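Engineer: So that you have it, the file is protein.txt, and it contains compact mmCIF, C-alpha atoms:
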# COMPACT_ATOMS: atom_id res chain seq x y z
CA MET A 13 -9.84 -9.68 -0.60
CA TYR A 14 -6.83 -10.58 1.51
CA ALA A 15 -5.88 -13.67 3.43
CA ARG A 16 -5.55 -12.88 7.13
CA ARG A 17 -3.42 -15.92 7.80
CA VAL A 18 0.26 -15.17 7.36
CA GLU A 19 2.47 -18.19 8.02
CA ASP A 20 1.08 -19.48 11.31
CA ARG A 21 -0.45 -16.19 12.51
CA GLU A 22 -3.95 -14.89 12.07
CA LEU A 23 -3.90 -11.13 11.64
CA THR A 24 -6.58 -8.49 12.07
CA PHE A 25 -6.24 -5.69 9.54
CA ASP A 26 -7.28 -2.10 10.11
CA PHE A 27 -7.39 0.68 7.57
CA ALA A 28 -4.67 3.34 7.67
CA ASP A 29 -4.69 6.75 6.05
CA GLY A 30 -2.46 6.22 3.07
CA LEU A 31 0.37 8.33 1.81
CA LEU A 32 -0.48 8.08 -1.84
CA ASN A 33 -3.55 7.88 -3.97
CA ASN A 34 -4.12 4.37 -5.29
CA ASN A 35 -2.25 2.67 -2.46
CA LEU A 36 -4.19 0.97 0.29
CA LEU A 37 -2.25 0.76 3.55
CA ILE A 38 -3.42 -1.62 6.22
CA VAL A 39 -2.04 -2.21 9.69
CA ASP A 40 -2.43 -5.41 11.67
CA ARG A 41 -3.43 -5.23 15.33
CA GLU A 42 -1.15 -8.08 16.33
CA THR A 43 2.19 -6.49 15.34
CA ASP A 44 1.37 -2.94 14.12
CA SER A 45 3.09 -3.80 10.84
CA VAL A 46 2.09 -1.69 7.85
CA TRP A 47 1.11 -3.59 4.70
CA SER A 48 1.11 -1.90 1.32
CA GLN A 49 -1.08 -3.00 -1.56
CA LEU A 50 1.28 -1.30 -4.01
CA HIS A 51 4.26 -3.28 -2.73
CA GLY A 52 2.22 -6.45 -2.21
CA LYS A 53 3.80 -6.99 1.23
CA ALA A 54 4.41 -5.57 4.68
CA VAL A 55 6.75 -2.58 4.47
CA ILE A 56 7.09 -1.48 8.11
CA GLY A 57 7.30 -3.48 11.31
CA PRO A 58 8.00 -7.06 12.40
CA MET A 59 6.17 -8.54 9.41
CA GLY A 60 8.23 -6.47 6.98
CA GLY A 61 8.88 -8.31 3.71
CA LYS A 62 6.11 -10.86 4.17
CA PRO A 63 3.75 -11.05 1.19
CA LEU A 64 0.17 -9.77 1.25
CA THR A 65 -1.84 -12.65 -0.19
CA VAL A 66 -4.78 -11.73 -2.42
CA ILE A 67 -7.73 -14.13 -2.62
CA PRO A 68 -9.73 -14.09 -5.88
CA SER A 69 -13.03 -12.26 -5.62
CA ILE A 70 -15.49 -10.68 -8.00
CA GLN A 71 -17.34 -7.39 -7.85
CA THR A 72 -20.74 -7.68 -9.40
CA THR A 73 -24.42 -6.95 -8.95
CA TRP A 74 -26.28 -8.74 -6.20
CA LYS A 75 -28.60 -10.29 -8.83
CA PHE A 76 -25.68 -11.79 -10.73
CA TRP A 77 -24.05 -13.22 -7.60
CA ARG A 78 -27.23 -14.60 -6.12
CA GLU A 79 -28.24 -16.35 -9.34
CA ARG A 80 -24.93 -18.18 -9.46
CA HIS A 81 -24.73 -18.85 -5.72
CA PRO A 82 -28.27 -19.18 -4.34
CA ASP A 83 -26.86 -20.59 -1.11
CA THR A 84 -24.68 -17.55 -0.52
CA ARG A 85 -24.47 -15.81 2.82
CA VAL A 86 -24.37 -12.04 2.86
CA MET A 87 -22.88 -9.58 5.31
CA LYS A 88 -25.92 -8.27 7.13
CA PRO A 89 -26.92 -4.87 5.81
CA GLY A 90 -26.80 -2.18 8.49
CA ASP A 91 -29.49 0.21 9.60
CA THR A 92 -28.10 3.04 7.48
CA PRO A 93 -27.97 3.21 3.69
CA GLY A 94 -24.22 2.89 4.01
CA ARG A 95 -21.71 4.89 2.05
CA PRO A 96 -22.55 6.07 -1.44
CA TYR A 97 -20.08 4.55 -3.84
CA HIS A 98 -19.31 5.08 -7.47
CA TYR A 99 -16.60 4.00 -9.79
CA ARG A 100 -13.77 6.39 -9.26
CA ASN A 101 -10.55 6.89 -11.06
CA ARG A 102 -8.65 4.29 -9.09
CA PRO A 103 -8.56 0.51 -8.76
CA VAL A 104 -11.42 -0.94 -6.78
CA GLY A 105 -10.19 -1.45 -3.24
CA GLN A 106 -8.18 1.74 -2.94
CA PRO A 107 -8.67 4.62 -0.53
CA SER A 108 -10.70 7.41 -2.04
CA ARG A 109 -9.15 10.55 -3.39
CA LYS A 110 -10.10 13.87 -1.81
CA ASN A 111 -12.42 14.77 -4.68
CA PRO A 112 -13.78 11.61 -6.25
CA LYS A 113 -15.41 11.83 -9.62
CA LYS A 114 -19.16 11.73 -9.16
CA GLY A 115 -21.29 9.07 -10.76
CA HIS A 116 -20.46 5.87 -12.57
CA ASP A 117 -18.16 6.39 -15.53
CA LEU A 118 -18.10 3.00 -17.14
CA SER A 119 -16.57 4.16 -20.41
CA ALA A 120 -13.06 4.19 -18.96
CA LEU A 121 -13.48 1.26 -16.58
CA GLY A 122 -11.61 -1.89 -17.33
CA PHE A 123 -10.23 -5.10 -15.93
CA GLY A 124 -6.64 -5.65 -14.83
CA LEU A 125 -4.80 -8.95 -14.50
CA ALA A 126 -1.21 -9.81 -13.65
CA PHE A 127 0.63 -13.13 -13.53
CA GLY A 128 4.33 -13.70 -13.28
CA ASP A 129 5.92 -10.62 -14.82
CA GLU A 130 3.15 -9.91 -17.30
CA ALA A 131 0.20 -7.58 -16.82
CA LEU A 132 -2.87 -6.77 -18.88
CA TRP A 133 -5.60 -4.14 -18.84
CA VAL A 134 -8.65 -4.10 -21.09
CA SER A 135 -11.63 -1.74 -21.02
CA LEU A 136 -15.07 -3.21 -20.38
CA GLU A 137 -16.16 -1.45 -23.58
CA ASP A 138 -13.57 -3.36 -25.58
CA LEU A 139 -14.34 -6.66 -23.86
CA ALA A 140 -18.04 -6.31 -24.68
CA LYS A 141 -17.20 -6.59 -28.38
CA ARG A 142 -15.21 -9.79 -28.04
CA ASN A 143 -15.88 -13.46 -27.45
CA ASN A 144 -17.09 -14.46 -24.03
CA PRO A 145 -14.74 -15.69 -22.70
CA VAL A 146 -11.59 -14.38 -24.30
CA THR A 147 -8.89 -17.02 -23.92
CA LEU A 148 -5.28 -16.03 -23.43
CA THR A 149 -2.10 -16.91 -21.60
CA LEU A 150 -0.50 -14.35 -19.31
CA GLY A 151 2.79 -14.89 -17.49
CA GLY A 152 2.40 -18.62 -18.03
CA GLN A 153 -1.14 -18.69 -16.61
CA SER A 154 -3.94 -19.93 -18.84
CA VAL A 155 -6.82 -17.42 -18.57
CA ARG A 156 -10.45 -17.32 -19.61
CA LEU A 157 -11.63 -13.72 -19.43
CA PHE A 158 -15.41 -13.29 -19.01
CA HIS A 159 -17.57 -10.19 -19.10
CA ASP A 160 -21.18 -9.38 -18.28
CA GLU A 161 -22.55 -5.97 -19.18
CA ASP A 162 -25.68 -6.17 -17.02
CA ALA A 163 -23.61 -7.03 -13.99
CA MET A 164 -21.06 -4.33 -14.93
CA THR A 165 -18.28 -6.79 -14.41
CA ALA A 166 -15.53 -8.89 -15.84
CA TRP A 167 -13.66 -11.75 -14.26
CA ALA A 168 -11.03 -14.33 -15.05
CA GLU A 169 -10.99 -18.08 -14.54
CA ASP A 170 -8.40 -20.78 -15.04
CA ASP A 171 -9.09 -23.83 -17.18
CA ASP A 172 -10.79 -25.59 -14.26
CA GLY A 173 -13.26 -22.78 -13.66
CA ASN A 174 -11.51 -21.43 -10.57
CA LEU A 175 -11.66 -17.68 -10.13
CA LEU A 176 -8.32 -15.95 -10.69
CA VAL A 177 -7.19 -12.73 -9.02
CA GLY A 178 -8.10 -9.71 -11.14
CA VAL A 179 -9.52 -6.29 -10.48
CA LEU A 180 -11.90 -3.79 -12.00
CA ALA A 181 -9.87 -0.63 -12.46
CA TYR A 182 -9.46 2.47 -14.51
CA ARG A 183 -6.47 2.36 -16.85
CA GLU A 184 -4.53 5.06 -14.99
CA GLY A 185 -5.10 3.54 -11.56
CA TRP A 186 -4.04 0.13 -12.83
CA ARG A 187 -0.90 1.58 -14.39
CA ASP A 188 0.22 2.88 -10.97
CA PHE A 189 0.65 -0.76 -10.07
CA HIS A 190 1.67 -2.17 -13.44
CA PRO A 191 3.32 0.46 -15.64
CA GLU A 192 4.37 -2.23 -18.15
CA SER A 193 0.82 -3.43 -18.74
CA LYS A 194 -0.19 -4.38 -22.24
CA GLY A 195 -3.60 -4.65 -23.92
CA LEU A 196 -5.41 -7.46 -25.65
CA PRO A 197 -4.27 -8.08 -29.23
CA MET B 6 -22.30 1.86 39.80
CA LYS B 7 -22.91 2.21 36.05
CA THR B 8 -20.15 4.81 35.74
CA THR B 9 -17.71 2.54 37.59
CA LEU B 10 -18.54 -0.37 35.31
CA PHE B 11 -18.13 1.84 32.23
CA TYR B 12 -14.60 2.94 33.19
CA LEU B 13 -13.70 -0.57 34.26
CA SER B 14 -14.69 -1.94 30.88
CA LEU B 15 -12.73 0.79 29.09
CA SER B 16 -9.53 0.01 30.95
CA MET B 17 -10.04 -3.70 30.37
CA ALA B 18 -10.51 -3.08 26.67
CA ALA B 19 -7.24 -1.17 26.54
CA THR B 20 -5.43 -3.90 28.43
CA ILE B 21 -6.54 -6.74 26.18
CA GLY B 22 -5.54 -4.84 23.01
CA PHE B 23 -8.95 -3.78 21.86
CA ALA B 24 -8.85 -1.95 18.57
CA GLN B 25 -8.43 1.76 18.85
CA GLU B 26 -7.42 4.75 16.82
CA ARG B 27 -3.65 4.83 16.89
CA THR B 28 -0.60 6.07 15.02
CA VAL B 29 2.14 3.91 13.59
CA ARG B 30 5.51 5.34 12.59
CA GLY B 31 8.28 3.95 10.48
CA VAL B 32 10.37 4.29 7.38
CA MET B 33 9.23 3.12 3.99
CA GLN B 34 9.62 3.59 0.25
CA PRO B 35 6.48 5.40 -0.94
CA ARG B 36 6.67 3.26 -4.07
CA PRO B 37 9.08 0.52 -5.07
CA GLY B 38 12.40 2.00 -6.16
CA ALA B 39 11.79 5.42 -4.58
CA PRO B 40 13.94 6.81 -1.72
CA GLU B 41 12.82 5.91 1.79
CA GLU B 42 10.79 8.42 3.79
CA ASP B 43 9.71 8.83 7.40
CA VAL B 44 6.11 7.82 7.61
CA GLU B 45 3.33 8.30 10.11
CA VAL B 46 -0.03 6.68 9.45
CA ALA B 47 -3.26 7.03 11.38
CA VAL B 48 -4.93 3.67 11.92
CA HIS B 49 -8.71 3.34 12.03
CA PRO B 50 -10.32 0.21 13.53
CA VAL B 51 -12.72 -1.66 11.28
CA PRO B 52 -15.49 -4.21 11.97
CA VAL B 53 -14.46 -7.76 12.83
CA ASN B 54 -16.69 -10.79 12.21
CA PRO B 55 -19.78 -8.80 11.18
CA PRO B 56 -23.05 -10.78 11.28
CA SER B 57 -24.25 -12.47 8.11
CA VAL B 58 -27.66 -13.49 6.80
CA SER B 59 -29.03 -15.76 4.09
CA ALA B 60 -29.72 -14.49 0.59
CA ASP B 61 -33.46 -14.36 1.30
CA GLU B 62 -32.96 -12.31 4.44
CA ALA B 63 -30.57 -9.83 2.83
CA GLY B 64 -33.20 -7.61 1.21
CA LEU B 65 -30.74 -6.06 -1.22
CA PRO B 66 -31.79 -4.44 -4.51
CA ASP B 67 -30.83 -6.45 -7.61
CA ASP B 68 -28.39 -3.86 -8.87
CA ASP B 69 -26.59 -3.25 -5.59
CA LEU B 70 -22.89 -3.98 -6.01
CA VAL B 71 -21.36 -6.72 -3.92
CA LEU B 72 -17.95 -8.24 -3.55
CA GLY B 73 -18.37 -11.99 -3.92
CA VAL B 74 -16.01 -14.76 -2.87
CA VAL B 75 -16.10 -18.53 -2.51
CA VAL B 76 -13.89 -19.79 0.31
CA ASP B 77 -13.77 -23.40 1.55
CA GLY B 78 -16.64 -24.01 -0.87
CA LYS B 79 -18.80 -21.40 0.84
CA PRO B 80 -20.05 -18.38 -1.12
CA MET B 81 -20.12 -15.06 0.70
CA ALA B 82 -21.09 -11.58 -0.48
CA TYR B 83 -20.22 -8.18 0.97
CA PRO B 84 -22.41 -5.24 -0.08
CA ILE B 85 -20.07 -2.53 -1.34
CA ARG B 86 -22.14 0.21 0.31
CA TYR B 87 -21.15 -1.17 3.73
CA LEU B 88 -17.68 -2.39 2.84
CA ALA B 89 -16.90 1.10 1.54
CA MET B 90 -17.54 2.57 4.98
CA SER B 91 -14.40 1.02 6.39
CA GLU B 92 -12.41 0.20 3.22
CA ILE B 93 -11.58 -3.19 4.71
CA LEU B 94 -13.01 -5.47 7.31
CA ASP B 95 -12.09 -8.74 9.01
CA ASP B 96 -14.23 -11.82 8.68
CA ARG B 97 -14.11 -15.59 8.57
CA VAL B 98 -15.69 -17.90 6.00
CA GLY B 99 -15.55 -21.57 6.87
CA ASP B 100 -12.21 -22.03 8.57
CA THR B 101 -10.51 -19.27 6.63
CA PRO B 102 -10.02 -15.76 8.01
CA ILE B 103 -10.32 -13.19 5.21
CA ALA B 104 -10.25 -9.42 4.85
CA PRO B 105 -12.59 -8.15 2.11
CA SER B 106 -11.55 -4.76 0.86
CA TRP B 107 -12.92 -2.15 -1.48
Could you quickly redo this structure as structure tokens?
Structural biologist:
Amino acid sequence: MYARRVEDRELTFDFADGLLNNNLLIVDRETDSVWSQLHGKAVIGPMGGKPLTVIPSIQTTWKFWRERHPDTRVMKPGDTPGRPYHYRNRPVGQPSRKNPKKGHDLSALGFGLAFGDEALWVSLEDLAKRNNPVTLTLGGQSVRLFHDEDAMTAWAEDDDGNLLVGVLAYREGWRDFHPESKGLP
Amino acid sequence: MKTTLFYLSLSMAATIGFAQERTVRGVMQPRPGAPEEDVEVAVHPVPVNPPSVSADEAGLPDDDLVLGVVVDGKPMAYPIRYLAMSEILDDRVGDTPIAPSW
């Protein structure tokens, strides 16, 4: 989930065929600048160097979301079933590989977090065995790391209950972005 | 008459910068620290401000995956099965323009 407001401009992002696996490239209509998720900023064009701001969001089952936010709005489902999705060997939010793995493979799925110059990845399998939440500090940020097996999700909050930026990802996909990642003790 | 109107609206759309398939070229590092390369990317327009409905109207199965966000105090959910069709889309929640991505 990205903020479309950059300084005083409101941008409209389109999807661009990426160069690499695990790197989402987006292009804004206003300036034709190319923004790279891997670099966390615009890398080509007039907006070059400006940061791509991520807004915290959570991927979860509809049931889980609706129970916590009964007043939620929902993007209106279309007339088609939409695109079949499954957890693939890449961070959620990345362009698909040519030959995605078929079917959910939750055994290798995990949750990635990064603050300051520290990064963490933990498998959902590992998290399921721990306290809920796990409390930790990462890059100076106080974190409460929650998991819910039914909702096939994990998420992180700060001490005030605000959602922090984190992503469901396979270990290898996450490491493309954060090669120095560590695990939970 | 209909044909004339059709072509008129097409040329108007192009003039006002309507989204279209296009190519953008430039130079970039494929990953931080790597040597720069010439780059050409094909850009695909995505939905902007798609309609939304209430939770009761949504008619989604319980175990459908959604991307959920709370912006300006307003919760909003994007079914992954539709978000995945365009990888990203442009929307607004409250006063805040956002781009959910999957």
Engineer: Using all atoms listed in the file, find which residues of chain A lie within 6 Å of chain B and jot them down as a PyMOL selection string.
Structural biologist: chain A and resi 13-16+26-29+69-75+84-88+94-95+104-105
Engineer: For the atom pair CA of Gly124 (chain A) and CA of Leu180 (chain A), what is the interatomic distance in Å to one decimal place?
Structural biologist: 6.3 Å
Engineer: Need the shell around Arg41 (chain A): protein/DNA/RNA residues with any atom at most 7 Å away, counting all atoms listed in the file. Skip same-chain ones fewer than 3 positions apart. Format as a list in words?
Structural biologist: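 That gives Leu23, Thr24, Phe25 and Asp44 of chain A.
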Engineer: Identify the residues within 12 Å of coordinate (11.5, 0.8, -9.2) (same frame as the file), considering all atoms listed in the file, and give the answer as a list in words.
Structural biologist: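 The requested residues, written out, are Leu50, His51, Asp188, Phe189, His190, Pro191 and Glu192 of chain A; Gln34, Pro35, Arg36, Pro37, Gly38, Ala39 and Pro40 of chain B.
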Engineer: Limited to C-alpha atoms, could you put the picked residues into a file as a compact mmCIF listing (two decimals), in the coordinates of the input?
Structural biologist:
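Saved file part.txt follows:
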# COMPACT_ATOMS: atom_id res chain seq x y z
CA LEU A 50 1.28 -1.30 -4.01
CA HIS A 51 4.26 -3.28 -2.73
CA ASP A 188 0.22 2.88 -10.97
CA PHE A 189 0.65 -0.76 -10.07
CA HIS A 190 1.67 -2.17 -13.44
CA PRO A 191 3.32 0.46 -15.64
CA GLU A 192 4.37 -2.23 -18.15
CA GLN B 34 9.62 3.59 0.25
CA PRO B 35 6.48 5.40 -0.94
CA ARG B 36 6.67 3.26 -4.07
CA PRO B 37 9.08 0.52 -5.07
CA GLY B 38 12.40 2.00 -6.16
CA ALA B 39 11.79 5.42 -4.58
CA PRO B 40 13.94 6.81 -1.72
Engineer: Please, which residues are within 7 Å of (-9.4, -13.3, -5.6) by the file's coordinates, counting all atoms listed in the file, and could they come as a list in words?
Structural biologist: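 Residues found, by chain and rising number: Met13, Val66, Ile67, Pro68, Ser69, Leu175, Leu176, Val177 and Gly178 of chain A.
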